[in-house]
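Following: one structure in structure tokens, then a few remarks.
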Amino acid sequence: MTSTAQDGTAAAVTLPALVEVVAGEVAAATGTLDLVLEDPARGAALGSAVASAPESVERALAAAQAAHTSGAWSSTSPAERADLLDAIAVALEGRQAELAALEAFATGVPVRQTSIVGMIVPGAFHLAAEMLRSGALVDPPVTGENGQAVEVLRLPVGPAVCLVPWNAPAPMAAHKVASALAAGCPTILKPSEYAPYATTLLGTTVAQVLADAGVDGGVFQLLQGGPAVGGAVVTDPRIRAVSFTGGAVGGRAVAAACAEKLAALQLELGGNNPLVVMPDADPEAAARAAVDLLTTLNGQWCRALGRLIVPEELADEVVSRAVQRLSGLRAGDPLDADSDLGPIVHSVHRARLESALDALRAAGGEVHTGTAVPGTGNFLAPALVTGVAGEDAREEIFGPIATVHTYTTEDEALALANGTAYGLEGYVLGTDTERALAFARQVHAGEVKVNGSTIMSLHLMTPRPAWGLSGLGEEGTVETIRCFTNARVVGVEGSFALHGR
């Protein structure tokens, strides 16, 4: 369907039908949710979100289990799987512009950003194929006491589920699905009910490439829905691995379900990420980094700026320069290549963010903002909030809002940086790189960037771990593939000394 604005004019994007793919069959998802999808830039209602019916969920689970039991996918060689992953990547490359537009429309993130992030979608499948060819599932050989080899086999754990959020859904889905398929697991993907369009297009493309290659329909399936569908697949005993990115409440529920059946689990949850400005930092560089981290993906990403921690003597200048930068941003239609900032994904989430701002004001905060935003749609001006005590700014906000905290000693700065239960990302900015690195090594986070503020990881081949309430397990180019495997050690024992022989 084509999205339509409140004034009746059509937006420049055609939305795909929200279908499911179950056991090789593509069909409309017949259930509906108590959620009205929106065009976030215009505030226009697009109709109810959809869900797969319980019978579709059961068919998908049965098909995934049958594909695993038969070895329809796990019995293929890593080289065969790599070739198919590359074929999926090529098909997705042909739809890259369409995927970027759908991501921009649904999430509100400017298309200039979704086009860059969207390169991850085909890239994830190419990279997983490359990892298979370079031996990601092969451990170095070990020789036993008898001189014979001891094999360490990395095998798929069984049917897997990939659950993705709404803020950058297609790239995250691509990474998870490519990794699970590379590992040899029959895979079920569920998009976010708030932003299902690009993930649906990705899913139907994956399914079509595999179907054209004669792959069993239970190897990859797509289900639609909200927490009820997600809960149904996660709690089912046939699912042996779950990769989930989302909020802490959902993460705890997924963790409890996986603990009950001892299934493999990977969680990437929220963050309240600090940017620590060292005393020798350039105030303009600090302001630029703060604004970058506050507004990338409209501030709706788990590694966004949560707390700006700045020397007391630099605070006024850094905040002033940041507000000046914010005033230069152009907020507008996310499909407009000239837009620097787009709307919040949904009016429900915008209301949550406005409530968070009210709570910070009630805690003594002063809101500093400078971006002019349209009067219609789900727009919210990015804001830095000063005057809030550290203990009143410990929770994740998940939007373009961050608190500002001052310090006089580096020990105080470190206490502020580590003053939450989260530990996803940290940022340190300073002229003396060695001093900044020494500080960064003490920040409780899975990744700490010195003098960096982009959305990209420090290195493609380093893990993306999470500490505290930010998650469980490691994501990464190799790590996510191995999340869906378990080891089997096979060999001939060479010593009988314990038996007295």
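By convention in this document, the chains of the structure tokens carry letters A, B, ... by their order, each chain's residues are numbered from 1, and ligands are numbered from 1 in the order they are shown.
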Please build the interface table for segment 186-222 of chain A against segment 234-243 of chain A with a cut-off of 10 Å, listing for each qualifying residue the nearest atom pair and the distance in Å to one decimal; count only C-alpha atoms, order rows by chain and increasing number, and write it as JSON lines.
```
{"residue": "A:Pro186", "atom": "CA", "partner": "A:Ile239", "partner_atom": "CA", "distance": 9.6}
{"residue": "A:Thr187", "atom": "CA", "partner": "A:Ile239", "partner_atom": "CA", "distance": 9.3}
{"residue": "A:Ile188", "atom": "CA", "partner": "A:Ile239", "partner_atom": "CA", "distance": 9.4}
{"residue": "A:Leu189", "atom": "CA", "partner": "A:Ser243", "partner_atom": "CA", "distance": 9.9}
```
Residues from last step as file, C-alpha atoms, as a CSV table (one decimal), in the first residue's frame:
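Dumped everything to part-v3.csv:
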```
chain,number,residue,atom,x,y,z
A,186,PRO,CA,16.2,-23.0,11.2
A,187,THR,CA,15.3,-19.4,11.9
A,188,ILE,CA,12.1,-17.5,12.8
A,189,LEU,CA,12.2,-13.7,12.5
```
Query raised in the report: Can you tell me, as a ChimeraX atom specification, what residues are no more than 10 Å from His346 of chain A when counting only C-alpha atoms, ignoring any on the same chain fewer than 6 positions away?
Result: /A:36-41,43,106-108,194-195,377-379
Requested in this report: Report the residues of segment 373-433 of chain A whose backbone DSSP state falls under alpha helix (DSSP H), written as a list in words.
Outcome: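 In segment 373-433 of chain A, DSSP puts these residues in alpha helix (DSSP H): Glu410, Asp411, Glu412, Ala413, Leu414, Ala415, Leu416, Ala417 and Thr433 of chain A.
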Query raised in the report: What is the atom CA of Ala173 of chain A-atom CA of Val121 of chain A distance in Å, reported with one decimal?
Result: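 A separation of 8.1 Å between them.
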Report task. Enter the distance from atom CA of Thr204 of chain A to atom CA of Leu222 of chain A, in Å, rounded to one decimal. Result ->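 So the two atoms, atom CA of Thr204 of chain A and atom CA of Leu222 of chain A, lie 7.7 Å apart.
Counting from atom CA of Ala60 of chain A, the distance to atom CA of Ala213 of chain A is 19.8 Å.
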Query - Contact residues around segment 458-470 of chain A with only C-alpha atoms at 6 Å, ignoring same-chain residues under 6 positions, as a list in words - result: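 Contacts, with the query itself left out: Leu269, Gly270, Gly271, Ala421, Tyr422, Gly423, Leu424, Ala445, Gly446, Gly476 and Thr477 of chain A.
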Requested in this report: Skip Asp83 of chain A itself and residues of its chain fewer than 6 positions away, then list as a VMD selection string all residues within 12 Å of it, counting only C-alpha atoms.
Outcome: chain A and resid 76 to 77 89 to 90 125 to 133 181 to 182 209 to 210 213
Query raised in the report: Which polymer residues have any atom within 9 Å of an atom of Gly118 of chain A, counting only C-alpha atoms, with same-chain residues fewer than 4 positions away left out, as number ranges by chain?
Result: A: 96-97, 99-100, 103, 113-114, 122-123, 168, 170-171
Report task. Pick out each residue of segment 7-137 of chain A that DSSP on the backbone tags as strand (DSSP E); I need them as a ChimeraX atom specification. Result -> /A:10-14,19-22,25-28,31-39,44-51
Query raised in the report: Which residues come within 12 Å of Gly342 of chain A, counting only C-alpha atoms, excluding same-chain residues fewer than 4 positions away, as a PyMOL selection string?
Result: chain A and resi 39-42+103-114+295-300+329-338+346+371-374+376-382+399-400
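Using only C-alpha atoms, the nearest neighbour of Pro165 of chain A within the list A:Leu85, A:Gly231, A:Cys302, A:Arg288 is A:Cys302.
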Query raised in the report: Contacts of segment 20-23 of chain A at 10 Å or less, counting only C-alpha atoms, minus same-chain residues fewer than 4 places along, as a PyMOL selection string?
Result: chain A and resi 27-30+50-53+56-64+67+188-190+200+203-204+207-208+216-225
